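Note sheet for the following structure.
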2 protein chains.
Amino acid sequence: MSEPIPIIGGTGALGYGLALRWARQGIAVVIGSRKPERAAEAAARVRATLPNAAVEGLPNDEAARRGPIVFLTVPFRAQSETVNNLREALEPGQLLVDCTVPLAAAISGKATRSVGVWQGSAAQQAQEMVSDGVTVVSALQSVSAPVLADLDTDLDEDVLVCGDRKAAKARVAELVERIPGLRAVNAGPLEMARISEQLTPLLISINARYKTHAGIRITGLPDDDHWG
Amino acid sequence: MSEPIPIIGGTGALGYGLALRWARQGIAVVIGSRKPERAAEAAARVRATLPNAAVEGLPNDEAARRGPIVFLTVPFRAQSETVNNLREALEPGQLLVDCTVPLAAAISGKATRSVGVWQGSAAQQAQEMVSDGVTVVSALQSVSAPVLADLDTDLDEDVLVCGDRKAAKARVAELVERIPGLRAVNAGPLEMARISEQLTPLLISINARYKTHAGIRITGLPDDDHWG
């Protein structure tokens, strides 16, 4: 039995979709929200879909204490405040997987555009803000939330994982690949999140033209297990 | 018989690879270079590989006059000067397909990093510089030059096409898809080149980790012909 996966902002579209996908694999998840009642409601929704799901809803800080690898799935405009509020909760050795995309939607702009982040990327902003010993890994921005939440749809795409330590990325990759149809690809150090975060507005632009929920695949990778 | 495809900077790795792939399909190509003797030498190399190839080597400005859809495949540090030198040669109605990537390598930096372009992207810089009536389309940055040049390797990847007019993008897409294994994907207006140009340093970062020449695929697109 693996440890639960805390999902901060798990009431949002991406976090909720991840919760469903992991719960279906028999993995325990903890949905975090600023508002405990919204977290509980989202957990109840997961159980309504998957009656055997091991899922709890808790305030963000309590959720973050429940597992070693914490996923951050809040909108960009809430990212900084949320990470700040987690400073006490997150402990050295924990991983924070930042899934934030700095969409211009955060400032009433288009979802096909992004805003510049001083640190270079939302993930680097998160790394600057967490306590010493907490490692930020960037992942999962390019996976469509509506597709995740539709359990009848098979996934067939890659997840770019950026981070400064391969061992940390490998732990995240293992959780990503517990979801059937997702392959984790090592995209390099955390600074590469400057680019991987930009794939989301690019995919949103493609989605508008093709009326779809597109994802990304990296071609030409060798078949052997990069993470093993 | 279709019109020839001028490739400005066709002596470089990307341009030469494209020349080979199109020439193999029986499409006439014109390799442009600042130095006529280098253009002629590259054309001779294409003919050495493909004896029936319809290929010429010419100075860039002469090459640019030989076909309606001109591909620009120079390194970023030469892009601005090259486009400036083409101002007289390019005529209203011509398309300039910018394949430039603003890699930090242009300023002795890493190939996994990029430099900021004032206009937002190399393609937008090109659009600002060309004469009125010349339309810039952005494409082909993510295709590996060594893979293109190795005719024994089958391609299997997408090419993101950005531009402000779908009709112009469709003409470029048609040429892209004349190369077997390449699919052209409409990624939106020219400003999206800010993101599509960044895929190259991302892929270079992935290549370093996987010892490969990676490409990109967009998943989840409908099967019908977007460009038809």
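Every chain in the structure tokens has a letter given in the order shown (A, B, ...), and although residue numbers restart at 1 in each chain, ligands are simply numbered from 1 in the order shown.
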If you take only C-alpha atoms and a cut-off of 9 Å, which residues of chain B touch chain A, and what are their nearest atom pairs and distances in Å to one decimal, in chain and number order, as CSV?
residue,atom,partner,partner_atom,distance
B:Thr112,CA,A:Met192,CA,8.1
B:Arg113,CA,A:Met192,CA,8.2
B:Asp156,CA,A:Thr219,CA,7.2
B:Glu157,CA,A:Thr219,CA,6.6
B:Val185,CA,A:Ile206,CA,7.9
B:Asn186,CA,A:Ile206,CA,6.5
B:Ala187,CA,A:Ile206,CA,5.0
B:Gly188,CA,A:Ser205,CA,5.8
B:Pro189,CA,A:Ser205,CA,8.6
B:Met192,CA,A:Leu202,CA,6.8
B:Ile195,CA,A:Gln198,CA,6.3
B:Ser196,CA,A:Leu202,CA,7.6
B:Gln198,CA,A:Ile195,CA,6.3
B:Leu199,CA,A:Ile195,CA,7.2
B:Pro201,CA,A:Ile195,CA,8.4
B:Leu202,CA,A:Ile195,CA,6.7
B:Leu203,CA,A:Ala187,CA,7.8
B:Ser205,CA,A:Gly188,CA,5.8
B:Ile206,CA,A:Ala187,CA,5.0
B:Asn207,CA,A:Leu221,CA,8.4
B:Ala208,CA,A:Gly188,CA,8.6
B:Arg209,CA,A:Asn186,CA,7.2
B:Tyr210,CA,A:Leu221,CA,6.6
B:Lys211,CA,A:Leu221,CA,8.4
B:Thr212,CA,A:Leu221,CA,6.4
B:His213,CA,A:Gly220,CA,6.2
B:Ala214,CA,A:Gly220,CA,4.7
B:Gly215,CA,A:Thr219,CA,4.8
B:Ile216,CA,A:Ile218,CA,4.7
B:Arg217,CA,A:Arg217,CA,4.8
B:Ile218,CA,A:Ile216,CA,4.7
B:Thr219,CA,A:Gly215,CA,4.8
B:Gly220,CA,A:Ala214,CA,4.7
B:Leu221,CA,A:Ala214,CA,6.3
B:Pro222,CA,A:Tyr210,CA,7.1
B:His226,CA,A:Tyr210,CA,7.6
Write out the residues from the selection above, keeping N, CA, C and O atoms, as a compact mmCIF listing (two decimals), in the first residue's frame.
# COMPACT_ATOMS: atom_id res chain seq x y z
N THR B 112 20.24 24.63 -24.64
CA THR B 112 18.99 24.33 -23.93
C THR B 112 18.33 25.59 -23.40
O THR B 112 17.35 25.53 -22.66
N ARG B 113 18.91 26.74 -23.76
CA ARG B 113 18.34 28.02 -23.31
C ARG B 113 18.10 28.90 -24.53
O ARG B 113 18.71 28.73 -25.58
N ASP B 156 8.55 10.64 -38.12
CA ASP B 156 7.27 10.30 -37.49
C ASP B 156 6.97 11.37 -36.45
O ASP B 156 7.05 11.14 -35.25
N GLU B 157 6.66 12.57 -36.93
CA GLU B 157 6.46 13.66 -35.97
C GLU B 157 5.65 14.78 -36.59
O GLU B 157 5.36 14.77 -37.79
N VAL B 185 0.64 20.86 -38.05
CA VAL B 185 -0.41 21.17 -37.08
C VAL B 185 -0.55 22.68 -36.97
O VAL B 185 0.44 23.40 -36.79
N ASN B 186 -1.78 23.15 -37.09
CA ASN B 186 -2.08 24.58 -36.98
C ASN B 186 -2.01 25.00 -35.51
O ASN B 186 -2.89 24.67 -34.72
N ALA B 187 -0.98 25.74 -35.17
CA ALA B 187 -0.76 26.12 -33.76
C ALA B 187 -1.26 27.52 -33.45
O ALA B 187 -1.07 28.00 -32.33
N GLY B 188 -1.89 28.17 -34.44
CA GLY B 188 -2.47 29.48 -34.16
C GLY B 188 -1.72 30.62 -34.82
O GLY B 188 -0.95 30.40 -35.77
N PRO B 189 -1.95 31.84 -34.34
CA PRO B 189 -1.34 33.02 -34.99
C PRO B 189 0.17 33.06 -34.83
O PRO B 189 0.76 32.31 -34.05
N MET B 192 2.18 32.79 -31.62
CA MET B 192 2.41 31.52 -30.93
C MET B 192 3.80 30.97 -31.20
O MET B 192 4.25 30.04 -30.53
N ILE B 195 6.14 30.42 -28.42
CA ILE B 195 6.20 29.13 -27.73
C ILE B 195 6.79 28.05 -28.64
O ILE B 195 7.66 27.30 -28.23
N SER B 196 6.32 27.99 -29.88
CA SER B 196 6.79 26.88 -30.73
C SER B 196 8.30 26.95 -30.95
O SER B 196 8.97 25.92 -31.03
N GLN B 198 10.36 27.72 -28.78
CA GLN B 198 11.00 27.25 -27.54
C GLN B 198 11.05 25.73 -27.45
O GLN B 198 11.72 25.18 -26.57
N LEU B 199 10.33 25.06 -28.34
CA LEU B 199 10.36 23.60 -28.27
C LEU B 199 11.74 23.06 -28.61
O LEU B 199 12.12 21.98 -28.15
N PRO B 201 14.96 24.23 -27.81
CA PRO B 201 15.80 24.02 -26.62
C PRO B 201 15.25 22.94 -25.69
O PRO B 201 16.03 22.20 -25.07
N LEU B 202 13.93 22.82 -25.59
CA LEU B 202 13.35 21.75 -24.76
C LEU B 202 13.75 20.38 -25.31
O LEU B 202 14.19 19.50 -24.56
N LEU B 203 13.62 20.22 -26.62
CA LEU B 203 13.99 18.93 -27.22
C LEU B 203 15.49 18.68 -27.10
O LEU B 203 15.92 17.54 -26.91
N SER B 205 17.31 19.58 -24.64
CA SER B 205 17.48 19.12 -23.25
C SER B 205 17.09 17.65 -23.12
O SER B 205 17.78 16.85 -22.46
N ILE B 206 16.00 17.28 -23.75
CA ILE B 206 15.57 15.87 -23.74
C ILE B 206 16.59 15.00 -24.47
O ILE B 206 16.97 13.92 -24.00
N ASN B 207 17.09 15.48 -25.61
CA ASN B 207 18.08 14.72 -26.38
C ASN B 207 19.31 14.39 -25.54
O ASN B 207 19.86 13.29 -25.63
N ALA B 208 19.75 15.35 -24.73
CA ALA B 208 20.94 15.13 -23.91
C ALA B 208 20.71 14.01 -22.91
O ALA B 208 21.63 13.25 -22.59
N ARG B 209 19.47 13.91 -22.42
CA ARG B 209 19.17 12.89 -21.41
C ARG B 209 18.91 11.52 -22.00
O ARG B 209 19.15 10.50 -21.35
N TYR B 210 18.40 11.47 -23.20
CA TYR B 210 18.01 10.19 -23.81
C TYR B 210 18.95 9.78 -24.94
O TYR B 210 18.72 8.76 -25.58
N LYS B 211 19.96 10.59 -25.21
CA LYS B 211 20.90 10.28 -26.31
C LYS B 211 20.14 9.98 -27.60
O LYS B 211 20.26 8.89 -28.19
N THR B 212 19.31 10.91 -28.01
CA THR B 212 18.47 10.68 -29.17
C THR B 212 18.27 11.99 -29.91
O THR B 212 18.87 13.02 -29.58
N HIS B 213 17.47 11.94 -30.97
CA HIS B 213 17.01 13.14 -31.66
C HIS B 213 15.49 13.14 -31.58
O HIS B 213 14.82 12.56 -32.43
N ALA B 214 14.96 13.75 -30.54
CA ALA B 214 13.53 13.70 -30.29
C ALA B 214 12.78 14.66 -31.19
O ALA B 214 13.33 15.62 -31.73
N GLY B 215 11.51 14.37 -31.35
CA GLY B 215 10.59 15.26 -32.05
C GLY B 215 9.32 15.41 -31.23
O GLY B 215 9.25 14.93 -30.09
N ILE B 216 8.33 16.06 -31.80
CA ILE B 216 7.10 16.29 -31.07
C ILE B 216 5.91 15.76 -31.84
O ILE B 216 5.90 15.75 -33.07
N ARG B 217 4.93 15.29 -31.08
CA ARG B 217 3.64 14.90 -31.64
C ARG B 217 2.56 15.55 -30.80
O ARG B 217 2.68 15.63 -29.59
N ILE B 218 1.52 16.03 -31.45
CA ILE B 218 0.34 16.50 -30.73
C ILE B 218 -0.67 15.37 -30.75
O ILE B 218 -1.01 14.84 -31.82
N THR B 219 -1.14 14.98 -29.57
CA THR B 219 -2.10 13.88 -29.48
C THR B 219 -3.53 14.44 -29.43
O THR B 219 -3.74 15.60 -29.09
N GLY B 220 -4.47 13.59 -29.77
CA GLY B 220 -5.89 13.95 -29.59
C GLY B 220 -6.48 14.76 -30.73
O GLY B 220 -7.59 15.27 -30.60
N LEU B 221 -5.76 14.90 -31.84
CA LEU B 221 -6.32 15.67 -32.96
C LEU B 221 -7.28 14.78 -33.76
O LEU B 221 -7.06 13.58 -33.90
N PRO B 222 -8.34 15.38 -34.30
CA PRO B 222 -9.26 14.59 -35.14
C PRO B 222 -8.55 14.12 -36.41
O PRO B 222 -7.55 14.71 -36.84
N HIS B 226 -7.42 18.96 -41.60
CA HIS B 226 -7.61 20.32 -41.10
C HIS B 226 -7.39 21.36 -42.18
O HIS B 226 -7.96 22.44 -42.15
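Proximity to Ala42 of chain B at 9 Å, evaluated using only C-alpha atoms and with sequence-adjacent residues fewer than 3 positions away removed, yields B:Gly10, B:Thr11, B:Tyr16, B:Ile31, B:Glu37, B:Arg38, B:Ala39, B:Arg45, B:Val46, B:Arg47, B:Glu56, B:Gly57.
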What are the closest atom pairs, with distances in Å to one decimal, for all residues of segment 93-123 of chain A lying within 10 Å of segment 63-71 of chain A? Consider only C-alpha atoms, order rows by chain and residue number, and present the result as a Markdown table.
| residue | atom | partner | partner_atom | distance |
| --- | --- | --- | --- | --- |
| A:Gly93 | CA | A:Pro68 | CA | 7.6 |
| A:Gln94 | CA | A:Pro68 | CA | 4.9 |
| A:Leu95 | CA | A:Ile69 | CA | 4.8 |
| A:Leu96 | CA | A:Val70 | CA | 4.9 |
| A:Val97 | CA | A:Phe71 | CA | 4.7 |
| A:Asp98 | CA | A:Phe71 | CA | 6.2 |
| A:Cys99 | CA | A:Phe71 | CA | 7.2 |
| A:Thr100 | CA | A:Phe71 | CA | 9.9 |
For this session: For segment 74-81 of chain A, list every protein, DNA or RNA residue within 12 Å, evaluated using only C-alpha atoms, and leave out those in the same chain fewer than 2 positions away; present the list as a PyMOL selection string.
Result: chain A and resi 7-16+31-34+60+71-72+83-87+97-108+111+114-117+121-130+141+197
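Closest approach to Glu3 of chain B from the set B:Val30, B:Arg21, B:Lys35, B:Thr82 is made by B:Val30, with distances taken over only C-alpha atoms.
Atom CA of Gly17 of chain A sits 13.8 Å away from atom CA of Ala44 of chain A.
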For this session: Determine which residues of segment 57-161 of chain A receive a DSSP assignment of helix (DSSP H, G or I), computed from the backbone, and state them as a ChimeraX atom specification.
Result: /A:60-64,76-85,104-107,122-129,145-149
Can you write out the residues you just picked, keeping N, CA and C atoms, as an mmCIF file, in the first residue's frame?
data_model
loop_
_atom_site.group_PDB
_atom_site.id
_atom_site.type_symbol
_atom_site.label_atom_id
_atom_site.label_comp_id
_atom_site.auth_asym_id
_atom_site.auth_seq_id
_atom_site.Cartn_x
_atom_site.Cartn_y
_atom_site.Cartn_z
ATOM 1 N N ASN A 60 -5.783 22.589 2.962
ATOM 2 C CA ASN A 60 -4.519 22.400 2.241
ATOM 3 C C ASN A 60 -3.355 22.014 3.144
ATOM 4 N N ASP A 61 -3.202 22.720 4.270
ATOM 5 C CA ASP A 61 -2.017 22.456 5.097
ATOM 6 C C ASP A 61 -2.064 21.068 5.722
ATOM 7 N N GLU A 62 -3.260 20.628 6.108
ATOM 8 C CA GLU A 62 -3.365 19.264 6.647
ATOM 9 C C GLU A 62 -3.136 18.235 5.548
ATOM 10 N N ALA A 63 -3.675 18.514 4.399
ATOM 11 C CA ALA A 63 -3.477 17.590 3.273
ATOM 12 C C ALA A 63 -1.987 17.423 2.977
ATOM 13 N N ALA A 64 -1.259 18.540 2.986
ATOM 14 C CA ALA A 64 0.167 18.511 2.602
ATOM 15 C C ALA A 64 0.998 17.653 3.549
ATOM 16 N N PHE A 76 -2.698 29.877 -11.341
ATOM 17 C CA PHE A 76 -1.487 30.676 -11.147
ATOM 18 C C PHE A 76 -1.709 31.851 -10.195
ATOM 19 N N ARG A 77 -2.876 32.473 -10.289
ATOM 20 C CA ARG A 77 -3.070 33.667 -9.447
ATOM 21 C C ARG A 77 -3.099 33.311 -7.960
ATOM 22 N N ALA A 78 -3.338 32.025 -7.646
ATOM 23 C CA ALA A 78 -3.352 31.593 -6.246
ATOM 24 C C ALA A 78 -2.063 30.886 -5.839
ATOM 25 N N GLN A 79 -1.137 30.715 -6.773
ATOM 26 C CA GLN A 79 0.022 29.868 -6.480
ATOM 27 C C GLN A 79 0.891 30.435 -5.366
ATOM 28 N N SER A 80 1.234 31.699 -5.508
ATOM 29 C CA SER A 80 2.166 32.298 -4.560
ATOM 30 C C SER A 80 1.592 32.274 -3.139
ATOM 31 N N GLU A 81 0.355 32.673 -3.004
ATOM 32 C CA GLU A 81 -0.284 32.672 -1.681
ATOM 33 C C GLU A 81 -0.367 31.248 -1.124
ATOM 34 N N THR A 82 -0.707 30.308 -1.978
ATOM 35 C CA THR A 82 -0.857 28.922 -1.514
ATOM 36 C C THR A 82 0.483 28.357 -1.040
ATOM 37 N N VAL A 83 1.536 28.590 -1.813
ATOM 38 C CA VAL A 83 2.846 28.050 -1.416
ATOM 39 C C VAL A 83 3.295 28.720 -0.112
ATOM 40 N N ASN A 84 3.023 29.984 -0.002
ATOM 41 C CA ASN A 84 3.365 30.692 1.235
ATOM 42 C C ASN A 84 2.652 30.065 2.444
ATOM 43 N N ASN A 85 1.385 29.746 2.240
ATOM 44 C CA ASN A 85 0.602 29.153 3.330
ATOM 45 C C ASN A 85 1.049 27.735 3.670
ATOM 46 N N ALA A 104 -2.049 33.944 -19.008
ATOM 47 C CA ALA A 104 -2.463 35.340 -18.926
ATOM 48 C C ALA A 104 -3.897 35.470 -18.434
ATOM 49 N N ALA A 105 -4.638 34.364 -18.432
ATOM 50 C CA ALA A 105 -5.975 34.357 -17.847
ATOM 51 C C ALA A 105 -5.952 34.853 -16.397
ATOM 52 N N ALA A 106 -4.817 34.675 -15.729
ATOM 53 C CA ALA A 106 -4.693 35.131 -14.337
ATOM 54 C C ALA A 106 -4.854 36.644 -14.214
ATOM 55 N N ILE A 107 -4.596 37.356 -15.295
ATOM 56 C CA ILE A 107 -4.749 38.816 -15.280
ATOM 57 C C ILE A 107 -5.769 39.247 -16.335
ATOM 58 N N ALA A 122 6.709 29.398 -13.111
ATOM 59 C CA ALA A 122 5.947 29.211 -11.874
ATOM 60 C C ALA A 122 6.659 28.215 -10.963
ATOM 61 N N ALA A 123 7.243 27.185 -11.551
ATOM 62 C CA ALA A 123 7.928 26.168 -10.743
ATOM 63 C C ALA A 123 9.130 26.765 -10.014
ATOM 64 N N GLN A 124 9.859 27.621 -10.713
ATOM 65 C CA GLN A 124 11.021 28.259 -10.052
ATOM 66 C C GLN A 124 10.570 29.232 -8.970
ATOM 67 N N GLN A 125 9.435 29.870 -9.193
ATOM 68 C CA GLN A 125 8.873 30.713 -8.135
ATOM 69 C C GLN A 125 8.557 29.872 -6.905
ATOM 70 N N ALA A 126 7.949 28.708 -7.120
ATOM 71 C CA ALA A 126 7.629 27.819 -6.004
ATOM 72 C C ALA A 126 8.904 27.375 -5.291
ATOM 73 N N GLN A 127 9.938 27.021 -6.068
ATOM 74 C CA GLN A 127 11.188 26.570 -5.446
ATOM 75 C C GLN A 127 11.795 27.667 -4.576
ATOM 76 N N GLU A 128 11.679 28.905 -5.029
ATOM 77 C CA GLU A 128 12.211 30.020 -4.242
ATOM 78 C C GLU A 128 11.466 30.186 -2.925
ATOM 79 N N MET A 129 10.182 29.822 -2.917
ATOM 80 C CA MET A 129 9.340 30.111 -1.760
ATOM 81 C C MET A 129 9.309 29.015 -0.708
ATOM 82 N N ALA A 145 -7.356 18.679 -18.258
ATOM 83 C CA ALA A 145 -8.177 18.367 -17.088
ATOM 84 C C ALA A 145 -9.483 17.689 -17.471
ATOM 85 N N PRO A 146 -10.207 18.175 -18.484
ATOM 86 C CA PRO A 146 -11.456 17.478 -18.846
ATOM 87 C C PRO A 146 -11.223 16.030 -19.277
ATOM 88 N N VAL A 147 -10.107 15.772 -19.944
ATOM 89 C CA VAL A 147 -9.826 14.394 -20.361
ATOM 90 C C VAL A 147 -9.517 13.534 -19.136
ATOM 91 N N LEU A 148 -8.746 14.055 -18.197
ATOM 92 C CA LEU A 148 -8.459 13.305 -16.966
ATOM 93 C C LEU A 148 -9.752 12.943 -16.246
ATOM 94 N N ALA A 149 -10.661 13.908 -16.182
ATOM 95 C CA ALA A 149 -11.882 13.704 -15.399
ATOM 96 C C ALA A 149 -12.873 12.780 -16.088
#
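Inside segment 19-160 of chain A, the residues DSSP reads as strand (DSSP E) when given the backbone are A:Val29, A:Val30, A:Ile31, A:Gly32, A:Ser33, A:Val55, A:Glu56, A:Gly57, A:Leu58, A:Pro59, A:Ile69, A:Val70, A:Phe71, A:Leu72, A:Leu95, A:Leu96, A:Val97, A:Asp98, A:Thr135, A:Val136, A:Val137, A:Ser138, A:Glu157, A:Asp158, A:Val159, A:Leu160.
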Go ahead and write the residues just picked, N, CA, C and O atoms, as a compact mmCIF listing (two decimals), in the first residue's frame.
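Ended up saving to out11.txt:
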# COMPACT_ATOMS: atom_id res chain seq x y z
N VAL A 29 -5.73 9.15 -2.16
CA VAL A 29 -5.48 10.57 -2.43
C VAL A 29 -6.12 11.42 -1.34
O VAL A 29 -7.10 11.03 -0.72
N VAL A 30 -5.52 12.58 -1.12
CA VAL A 30 -6.05 13.54 -0.16
C VAL A 30 -6.26 14.84 -0.91
O VAL A 30 -5.30 15.46 -1.37
N ILE A 31 -7.50 15.24 -1.05
CA ILE A 31 -7.82 16.47 -1.76
C ILE A 31 -7.74 17.63 -0.78
O ILE A 31 -8.41 17.63 0.25
N GLY A 32 -6.90 18.59 -1.12
CA GLY A 32 -6.76 19.78 -0.28
C GLY A 32 -7.48 20.96 -0.89
O GLY A 32 -7.56 21.09 -2.11
N SER A 33 -8.00 21.81 -0.03
CA SER A 33 -8.62 23.06 -0.48
C SER A 33 -8.45 24.09 0.62
O SER A 33 -8.25 23.75 1.78
N VAL A 55 -10.18 8.21 -0.45
CA VAL A 55 -10.04 9.65 -0.70
C VAL A 55 -10.58 10.44 0.50
O VAL A 55 -11.62 10.12 1.06
N GLU A 56 -9.81 11.43 0.88
CA GLU A 56 -10.21 12.34 1.95
C GLU A 56 -10.19 13.76 1.42
O GLU A 56 -9.42 14.08 0.51
N GLY A 57 -10.95 14.63 2.06
CA GLY A 57 -10.87 16.06 1.77
C GLY A 57 -10.46 16.81 3.02
O GLY A 57 -11.06 16.63 4.09
N LEU A 58 -9.40 17.61 2.90
CA LEU A 58 -8.84 18.29 4.08
C LEU A 58 -8.39 19.71 3.71
O LEU A 58 -8.18 19.99 2.52
N PRO A 59 -8.23 20.57 4.69
CA PRO A 59 -7.61 21.87 4.41
C PRO A 59 -6.22 21.64 3.81
O PRO A 59 -5.54 20.65 4.13
N ILE A 69 4.89 13.22 -1.36
CA ILE A 69 4.94 13.87 -2.68
C ILE A 69 3.64 14.62 -2.88
O ILE A 69 2.58 14.02 -3.08
N VAL A 70 3.74 15.93 -2.78
CA VAL A 70 2.56 16.80 -2.74
C VAL A 70 2.38 17.47 -4.10
O VAL A 70 3.33 18.06 -4.63
N PHE A 71 1.20 17.37 -4.66
CA PHE A 71 0.93 17.98 -5.96
C PHE A 71 0.21 19.31 -5.77
O PHE A 71 -0.75 19.40 -5.01
N LEU A 72 0.69 20.33 -6.48
CA LEU A 72 0.13 21.68 -6.38
C LEU A 72 -0.59 22.00 -7.68
O LEU A 72 0.05 22.16 -8.73
N LEU A 95 8.59 16.37 -1.48
CA LEU A 95 8.61 16.92 -2.84
C LEU A 95 7.32 17.69 -3.07
O LEU A 95 6.25 17.24 -2.69
N LEU A 96 7.46 18.84 -3.70
CA LEU A 96 6.30 19.60 -4.13
C LEU A 96 6.28 19.59 -5.66
O LEU A 96 7.21 20.10 -6.30
N VAL A 97 5.26 18.97 -6.21
CA VAL A 97 5.16 18.88 -7.67
C VAL A 97 4.29 20.02 -8.16
O VAL A 97 3.07 20.03 -7.95
N ASP A 98 4.91 20.98 -8.78
CA ASP A 98 4.19 22.17 -9.23
C ASP A 98 3.60 21.92 -10.62
O ASP A 98 4.33 21.56 -11.56
N THR A 135 11.96 20.00 -2.14
CA THR A 135 12.38 20.02 -3.54
C THR A 135 11.17 20.16 -4.45
O THR A 135 10.20 19.40 -4.33
N VAL A 136 11.26 21.12 -5.35
CA VAL A 136 10.17 21.32 -6.31
C VAL A 136 10.49 20.59 -7.60
O VAL A 136 11.62 20.64 -8.12
N VAL A 137 9.51 19.88 -8.11
CA VAL A 137 9.56 19.23 -9.42
C VAL A 137 8.38 19.77 -10.21
O VAL A 137 7.32 20.04 -9.65
N SER A 138 8.57 19.98 -11.50
CA SER A 138 7.51 20.52 -12.35
C SER A 138 6.97 19.43 -13.26
O SER A 138 7.74 18.67 -13.86
N GLU A 157 -0.49 10.04 -23.84
CA GLU A 157 0.35 11.22 -24.00
C GLU A 157 1.50 11.20 -22.99
O GLU A 157 1.55 10.36 -22.10
N ASP A 158 2.40 12.16 -23.17
CA ASP A 158 3.56 12.26 -22.29
C ASP A 158 3.39 13.39 -21.28
O ASP A 158 2.61 14.32 -21.49
N VAL A 159 4.14 13.27 -20.21
CA VAL A 159 4.19 14.30 -19.17
C VAL A 159 5.64 14.71 -19.03
O VAL A 159 6.51 13.88 -18.73
N LEU A 160 5.92 15.97 -19.29
CA LEU A 160 7.30 16.46 -19.14
C LEU A 160 7.58 16.71 -17.68
O LEU A 160 6.80 17.37 -16.99
